[in-house]
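**Student:** Before we start, here is the structure in question, set down as structure tokens.
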Amino acid sequence: MLPNLERRPRLSLLSAAMAAGLLGAGSAHADERTELAKQLTALAAKLMAEPVAAPPSNERAELEQLRATTTALIQALADQGLLNRERAEAMLRQAAPKPVAVAQAPAAAADPASAWGRPLAAPAAVGAAAGVASTTASGTVRVPYIPETLKAQIREDIKLDVLATARAENWADARKFPNWLRGISIDGDVRVRAQGDIFDHGNLPAEAYRNQVSSPAWAPDLTNTEHSRQRLSLRARLGVNAKVSEDVSGALRLSTSSRAVSATQTLGNSFDRYTFALDRAWLRWEPRHDLRIEGGRMANPFYGSDLIWPDDLSLDGVAVRAERNLASGLYAFATFGAFPLQEFELSKSDKWLYGAQVGADWAVMDKTQLRVGLAVYDFQNVQGLRETGPAPTGPRAGTVAYQSSQYPAGLRLKGNTLINLNDPTNTGAPVWGLASKFRPINVTAGLTLNHFDPLQVGLVLDYVHNSGFDQADIRKRAGTSAVDMLSDKVNGYQARVLFGSRHLAEKGDWNAFAAYRLFERDAWIDGLTDTTWHGGGTNYKGWSIGGSYYLDRNTSIGLRWTSTRNLDDGYRFLAVPGDPRSISGNLSSAPLKVEVIQIDVNAKF
């Protein structure tokens with residue numbers, strides 16, 4: 001508790017001087033700083049407002065000490081930003097000693113002790129204006145009090161200065177907040193995007209893709225391949241991060257909802273409201289500084305690029321990450337995870353993704369860093385299996401698993417080879433499943449150069465190969481020899497160069513990038529790919545260039561241009577002009593060229 005500075009002014013001023021030193025050291029709580037400033041200001045004003053009288057000789061030293069203490073106090077308040085500098089200088093001028101003269105005192109007052117408390121005399125030349133000494137009829141000079149209006153103005157100015165400082169420095173009394181709230185932080189971002197999708201006039205009409213009914217098939221969900229479109233979109237995310245204890249933390253994040261790989265919401269639904277979905281919710285336990293265990297819906301825990309891991313993708317499951325120092329500037333890391341993709345009530349063939357990655361981070365030189373990761377992924381039970389008989393009817397309908405191996409339309413994009421899962425007698429609409437199994441091997445290497453401070457150069461190379469492709473296995477599961485025309489298009493490559501500011505946050509920061517990509521049709525599951533490249537999916541090649549500039553703190557504007565086209569797998573594609581049904585060859589090689597232009601304004605908080 002602070003002393004009551006109003007009760008004993010002289011002793012309290014000395015204590016206040018000590019408190020001012022504590023303020024300078026930053027040891028006082030926020031509420032104490034504010035209250036102390038108020039009390040010290042009021043006391044300083046009171047001291048200057050009292051009449052200045054000639055003290056006895058044995059009291060002069062104490063008066064000078066009080067004056068010096070007051071001066072130091074005002075200076076300390078100004079140095080801490082608790083008192084406006086101009087106001088402090090004005091108060092110091094008022095507190096400065098003024099020349100006075102002692103009037104002739106009566107003989108009875110010759111004793112210094114009996115003269116204590118009498119007002120001082122001043123030269124008659126001193127005027128009687130407000131704030132200066134004036135001479136009375138008896139010849140005694142009195143120094144008037146500071147006007148009440150001036151004292152009120154001083155108090156108001158100091159109060160406003162203190163409140164402004166409190167807001168700027170986020171003062172708060174920790175006793176007013178529960179302990180758990182101290183570990184809570186909030187973050188988020190809002191992005192507004194203008195996008196144009198430009199389709200080439202030579203593209204095969206979407207109707208041709210949608211007419212496919214037999215195996216193998218590609219991109220049967222395409223609805224537009226010829227009509228260019230322009231649209232506005234929005235991405236908004238809000239997250240709450242919590243430090244539960246020294247070893248346990250967690251987070252929640254809400255996001256505008258779209259596909260699993262994108263949180264972008266296209267604008268334009270007659271001003272109706274948009275949905276906000278649970279994007280992330282996880283708990284993390286770190287029993288050691290080099291071991292982390294995480295569970296829930298989390299950010300991608302594996303090192304890689306957007307070739308196979310889109311920026312907006314979150315994974316459901318559990319992950320374990322461990323690190324170990326190998327030498328000075330070199331450490332190794334390992335990540336393991338298990339993530340459910342689809343769970344069935346009536347089947348043991350649940351779909352899962354298992355992943356394991358090892359890698360190293362090496363500070364090659366003071367300004368050069370190399371990071372390498374080798375990962376193996378296994379997508380369990382995602383491959384399609386053709387049914388041998390019709391769906392159960394009667395009492396058994398809905399009680400046994402049927403066509404649980406389908407590749408859901410809500411997930412798939414385009415590019416992967418598909419097979420029709422309907423039984424041979426079924427002539428209804430096809431139910432599609434993945435032709436290939438997926439056990440990708442991924443190698444990622446990133447080189448960062450900081451030789452051009454404050455600028456930075458980065459190079460990322462990414463390669464993926466699907467080791468699960470087996471044509472004999474596909475023929476067995478598809479139940480048709482038509483899949484013998486398939487070739488193993490199972491590789492993906494990307495090279496990306498980035499140049500710009502090392503830290504992207506402040507006004508004037510910028511970066512620019514260029515990337516080239518070749519993504520064969522069955523290298524990765526197409527439903528888990530970035531939607532900017534080729535409108536999402538696989539089976540294309542192309543490039544992307546762009547950059548961003550920070551208009552203000554945490555606010556940027558970006559421009560990106562991406563151009564892609566379908567790959568030719570060597571099988572000739574033929575189509576009769578004007579008749580989408582009259583096609584022959586492999587639709588995987590059908591012409592499809594897409595260019596995407598994006599302009600983003602993004603703000604983070």
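By convention here, the chains of the structure tokens are called A, B, ... in the order presented, each chain's residues are numbered starting at 1, and ligands are numbered starting at 1 in the order presented.
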Can you pull out every residue from segment 307-531 of chain A that DSSP, working from the backbone, puts in helix (DSSP H, G or I), and format the result as a JSON list (two decimals) with N, CA and C atoms, in the first residue's frame?

**Tutor:**
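So result_11.json came out as:
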```json
[["chain", "number", "residue", "atom", "x", "y", "z"],
["A", 394, "GLY", "N", -34.62, -54.72, -48.77],
["A", 394, "GLY", "CA", -35.42, -55.31, -47.72],
["A", 394, "GLY", "C", -34.86, -55.01, -46.34],
["A", 395, "PRO", "N", -34.99, -55.97, -45.42],
["A", 395, "PRO", "CA", -34.54, -55.73, -44.04],
["A", 395, "PRO", "C", -33.04, -55.43, -43.94],
["A", 396, "ARG", "N", -32.24, -55.91, -44.92],
["A", 396, "ARG", "CA", -30.79, -55.70, -44.85],
["A", 396, "ARG", "C", -30.37, -54.34, -45.40],
["A", 471, "GLN", "N", -0.62, -51.26, -61.61],
["A", 471, "GLN", "CA", -1.63, -51.45, -62.66],
["A", 471, "GLN", "C", -2.35, -52.79, -62.51],
["A", 472, "ALA", "N", -1.66, -53.83, -62.10],
["A", 472, "ALA", "CA", -2.30, -55.14, -61.92],
["A", 472, "ALA", "C", -3.32, -55.07, -60.79],
["A", 473, "ASP", "N", -2.99, -54.37, -59.73],
["A", 473, "ASP", "CA", -3.94, -54.22, -58.63],
["A", 473, "ASP", "C", -5.16, -53.41, -59.06],
["A", 474, "ILE", "N", -4.94, -52.40, -59.87],
["A", 474, "ILE", "CA", -6.06, -51.58, -60.36],
["A", 474, "ILE", "C", -7.00, -52.42, -61.22],
["A", 475, "ARG", "N", -6.44, -53.24, -62.11],
["A", 475, "ARG", "CA", -7.26, -54.10, -62.97],
["A", 475, "ARG", "C", -8.10, -55.06, -62.12],
["A", 476, "LYS", "N", -7.52, -55.59, -61.06],
["A", 476, "LYS", "CA", -8.24, -56.53, -60.21],
["A", 476, "LYS", "C", -9.41, -55.85, -59.51],
["A", 477, "ARG", "N", -9.18, -54.67, -58.98],
["A", 477, "ARG", "CA", -10.24, -53.98, -58.24],
["A", 477, "ARG", "C", -11.29, -53.36, -59.16],
["A", 478, "ALA", "N", -10.86, -52.94, -60.37],
["A", 478, "ALA", "CA", -11.80, -52.30, -61.29],
["A", 478, "ALA", "C", -12.68, -53.33, -62.00],
["A", 481, "SER", "N", -10.59, -54.80, -68.09],
["A", 481, "SER", "CA", -9.28, -54.68, -68.73],
["A", 481, "SER", "C", -9.09, -53.31, -69.37],
["A", 482, "ALA", "N", -10.10, -52.46, -69.32],
["A", 482, "ALA", "CA", -9.98, -51.13, -69.93],
["A", 482, "ALA", "C", -8.91, -50.30, -69.24],
["A", 483, "VAL", "N", -8.56, -50.65, -68.01],
["A", 483, "VAL", "CA", -7.55, -49.86, -67.30],
["A", 483, "VAL", "C", -6.15, -50.21, -67.74],
["A", 484, "ASP", "N", -5.99, -51.19, -68.65],
["A", 484, "ASP", "CA", -4.66, -51.55, -69.12],
["A", 484, "ASP", "C", -4.01, -50.41, -69.89],
["A", 485, "MET", "N", -4.81, -49.44, -70.35],
["A", 485, "MET", "CA", -4.26, -48.31, -71.08],
["A", 485, "MET", "C", -3.55, -47.32, -70.14],
["A", 526, "ASP", "N", -6.03, -35.73, -55.37],
["A", 526, "ASP", "CA", -6.31, -34.41, -55.92],
["A", 526, "ASP", "C", -7.19, -33.54, -55.01],
["A", 527, "GLY", "N", -7.99, -34.17, -54.13],
["A", 527, "GLY", "CA", -8.85, -33.39, -53.24],
["A", 527, "GLY", "C", -8.09, -32.67, -52.14],
["A", 528, "LEU", "N", -6.79, -32.95, -51.98],
["A", 528, "LEU", "CA", -5.98, -32.32, -50.95],
["A", 528, "LEU", "C", -4.91, -31.42, -51.56]]
```

**Student:** Can you pull out the residues contacting Pro392 of chain A? Cut-off 10 Å, using only C-alpha atoms, and skip same-chain residues under 6 positions away; I want them as a VMD selection string.

**Tutor:** chain A and resid 398 to 402

**Student:** Based on the selection just made, write C-alpha atoms of those residues as an mmCIF file, in the first residue's frame.

**Tutor:**
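Written output follows (selection_27.cif):
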```cif
data_model
loop_
_atom_site.group_PDB
_atom_site.id
_atom_site.type_symbol
_atom_site.label_atom_id
_atom_site.label_comp_id
_atom_site.auth_asym_id
_atom_site.auth_seq_id
_atom_site.Cartn_x
_atom_site.Cartn_y
_atom_site.Cartn_z
ATOM 1 C CA GLY A 398 -28.721 -49.857 -44.692
ATOM 2 C CA THR A 399 -27.435 -52.468 -42.252
ATOM 3 C CA VAL A 400 -24.328 -53.559 -44.171
ATOM 4 C CA ALA A 401 -21.498 -51.563 -45.730
ATOM 5 C CA TYR A 402 -21.937 -50.911 -49.447
#
```

**Student:** Please provide the set of residues having any atom within 9 Å of Ile186 of chain A, restricted to only C-alpha atoms, with same-chain residues fewer than 3 positions apart removed, written as a PDB file with N, CA and C atoms, in the first residue's frame.

**Tutor:**
```pdb
ATOM      1  N   LEU A 238     -10.485 -16.228 -37.018  1.00  0.00           N
ATOM      2  CA  LEU A 238     -10.346 -15.695 -35.665  1.00  0.00           C
ATOM      3  C   LEU A 238      -9.913 -16.814 -34.743  1.00  0.00           C
ATOM      4  N   GLY A 239      -8.776 -16.612 -34.076  1.00  0.00           N
ATOM      5  CA  GLY A 239      -8.224 -17.660 -33.223  1.00  0.00           C
ATOM      6  C   GLY A 239      -8.023 -17.204 -31.798  1.00  0.00           C
ATOM      7  N   VAL A 240      -8.156 -18.145 -30.868  1.00  0.00           N
ATOM      8  CA  VAL A 240      -7.889 -17.917 -29.451  1.00  0.00           C
ATOM      9  C   VAL A 240      -6.844 -18.934 -29.013  1.00  0.00           C
ATOM     10  N   ASN A 241      -5.714 -18.442 -28.484  1.00  0.00           N
ATOM     11  CA  ASN A 241      -4.627 -19.296 -28.036  1.00  0.00           C
ATOM     12  C   ASN A 241      -4.526 -19.226 -26.521  1.00  0.00           C
ATOM     13  N   ALA A 242      -4.335 -20.376 -25.890  1.00  0.00           N
ATOM     14  CA  ALA A 242      -4.328 -20.427 -24.432  1.00  0.00           C
ATOM     15  C   ALA A 242      -3.091 -21.170 -23.942  1.00  0.00           C
ATOM     16  N   PHE A 605      -4.157  -9.349 -37.293  1.00  0.00           N
ATOM     17  CA  PHE A 605      -4.211  -8.718 -35.981  1.00  0.00           C
ATOM     18  C   PHE A 605      -3.984  -9.766 -34.900  1.00  0.00           C
TER      19      PHE A 605
END
```

**Student:** With a distance cut-off of 7 Å and only C-alpha atoms, select the neighbouring residues of segment 191-196 of chain A, excluding the residue or stretch itself and same-chain residues fewer than 2 positions from it, and output the selection as a count of residues only.

**Tutor:** 18

**Student:** May I ask which of the residues A:Ser405, A:Ala505, A:Ser305, A:Leu413 is the closest one to Leu459 of chain A, counting only C-alpha atoms?

**Tutor:**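 Selected residue with least distance to Leu459 of chain A: A:Ser305.
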
**Student:** As a tab-separated table (two decimals) with C-alpha atoms, in the first residue's frame, please: every residue in segment 279-410 of chain A that a backbone DSSP assignment puts in strand (DSSP E).

**Tutor:**
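Written file, selection-v2.tsv:
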```tsv
chain	number	residue	atom	x	y	z
A	279	ASP	CA	-11.16	-24.62	-38.45
A	280	ARG	CA	-8.82	-25.70	-35.65
A	281	ALA	CA	-9.13	-26.99	-32.10
A	282	TRP	CA	-6.12	-28.69	-30.52
A	283	LEU	CA	-4.28	-29.43	-27.30
A	284	ARG	CA	-0.50	-29.59	-27.08
A	285	TRP	CA	1.64	-31.15	-24.36
A	286	GLU	CA	5.37	-30.40	-24.21
A	287	PRO	CA	6.84	-32.48	-21.37
A	288	ARG	CA	10.35	-31.61	-22.63
A	291	LEU	CA	9.24	-33.21	-27.47
A	292	ARG	CA	5.74	-32.12	-28.45
A	293	ILE	CA	2.52	-34.15	-28.56
A	294	GLU	CA	-0.53	-32.61	-30.22
A	295	GLY	CA	-4.08	-33.80	-30.75
A	296	GLY	CA	-7.32	-32.49	-32.26
A	297	ARG	CA	-7.75	-30.46	-35.41
A	298	MET	CA	-4.38	-28.86	-36.03
A	299	ALA	CA	-2.16	-27.12	-38.55
A	314	SER	CA	-5.99	-28.44	-41.20
A	315	LEU	CA	-5.54	-32.08	-40.19
A	316	ASP	CA	-7.63	-34.13	-37.73
A	317	GLY	CA	-5.76	-36.54	-35.51
A	318	VAL	CA	-2.65	-36.81	-33.35
A	319	ALA	CA	0.97	-35.91	-34.06
A	320	VAL	CA	4.27	-36.30	-32.20
A	321	ARG	CA	7.34	-34.19	-32.95
A	322	ALA	CA	10.81	-34.65	-31.49
A	323	GLU	CA	14.04	-32.71	-31.98
A	324	ARG	CA	17.68	-33.42	-31.15
A	325	ASN	CA	20.80	-31.29	-31.38
A	326	LEU	CA	23.51	-33.04	-33.38
A	327	ALA	CA	26.18	-30.34	-33.41
A	330	LEU	CA	22.69	-28.55	-36.65
A	331	TYR	CA	19.64	-30.33	-35.27
A	332	ALA	CA	17.47	-33.21	-36.48
A	333	PHE	CA	13.70	-33.54	-36.21
A	334	ALA	CA	11.16	-36.32	-36.59
A	335	THR	CA	7.38	-36.11	-36.92
A	336	PHE	CA	4.83	-38.92	-36.74
A	337	GLY	CA	1.08	-38.63	-37.16
A	338	ALA	CA	-2.18	-40.55	-37.54
A	339	PHE	CA	-5.18	-38.75	-39.06
A	340	PRO	CA	-8.67	-40.21	-39.68
A	341	LEU	CA	-10.14	-39.38	-43.08
A	342	GLN	CA	-13.47	-41.18	-42.89
A	351	LYS	CA	-9.92	-44.43	-44.09
A	352	TRP	CA	-6.76	-43.08	-42.43
A	353	LEU	CA	-3.65	-41.13	-43.26
A	354	TYR	CA	-0.43	-42.14	-41.54
A	355	GLY	CA	2.69	-40.04	-41.91
A	356	ALA	CA	6.33	-40.16	-40.80
A	357	GLN	CA	9.01	-37.59	-41.54
A	358	VAL	CA	12.64	-37.14	-40.59
A	359	GLY	CA	14.76	-34.15	-41.41
A	360	ALA	CA	17.52	-31.78	-40.44
A	361	ASP	CA	18.03	-28.05	-40.08
A	362	TRP	CA	21.60	-26.86	-40.64
A	363	ALA	CA	23.03	-23.38	-40.27
A	364	VAL	CA	25.68	-23.89	-42.96
A	365	MET	CA	27.21	-20.46	-42.35
A	368	THR	CA	22.94	-19.54	-44.83
A	369	GLN	CA	20.40	-22.08	-43.62
A	370	LEU	CA	19.45	-25.43	-45.16
A	371	ARG	CA	16.39	-27.45	-44.16
A	372	VAL	CA	15.67	-30.92	-45.57
A	373	GLY	CA	12.79	-33.31	-44.91
A	374	LEU	CA	12.04	-36.86	-46.07
A	375	ALA	CA	8.47	-38.07	-45.51
A	376	VAL	CA	6.49	-41.25	-46.20
A	377	TYR	CA	2.69	-41.16	-46.18
A	378	ASP	CA	0.23	-44.03	-46.32
A	379	PHE	CA	-3.42	-43.42	-47.22
A	380	GLN	CA	-5.21	-46.48	-45.87
```

**Student:** Work out how far atom CA of Asn179 of chain A is from atom CA of Lys159 of chain A, in Å to one decimal.

**Tutor:** 29.5 Å

**Student:** Using only C-alpha atoms, determine which residues lie at most 10 Å from Gly458 of chain A, disregarding the query and same-chain residues fewer than 4 positions distant; provide the list as number ranges by chain.

**Tutor:** A: 368-370, 446-450, 496-500, 502, 513

**Student:** Give me the residues of segment 211-274 of chain A that have any atom at most 10 Å from an atom of segment 420-440 of chain A; for each, the nearest atom pair and the distance in Å, rounded to one decimal. Use only C-alpha atoms, sort by chain and number, and format it as a tab-separated table.

**Tutor:**
```
residue	atom	partner	partner_atom	distance
A:Gln212	CA	A:Pro430	CA	8.5
A:Val213	CA	A:Pro430	CA	5.8
A:Ser214	CA	A:Asn420	CA	5.9
A:Ser215	CA	A:Asn420	CA	5.6
A:Pro216	CA	A:Asn420	CA	7.5
A:Ala217	CA	A:Asn420	CA	8.1
A:Trp218	CA	A:Trp432	CA	9.8
A:Pro220	CA	A:Trp432	CA	8.9
```

**Student:** In Å, with one decimal, what is the gap from atom CA of Arg259 of chain A to atom CA of Asp200 of chain A?

**Tutor:** 25.2 Å

**Student:** As an exercise, work out the distance from atom CA of Leu204 of chain A to atom CA of Thr223 of chain A in Å and give it to one decimal place.

**Tutor:**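 Spanning atom CA of Leu204 of chain A to atom CA of Thr223 of chain A is a straight-line distance of 11.3 Å.
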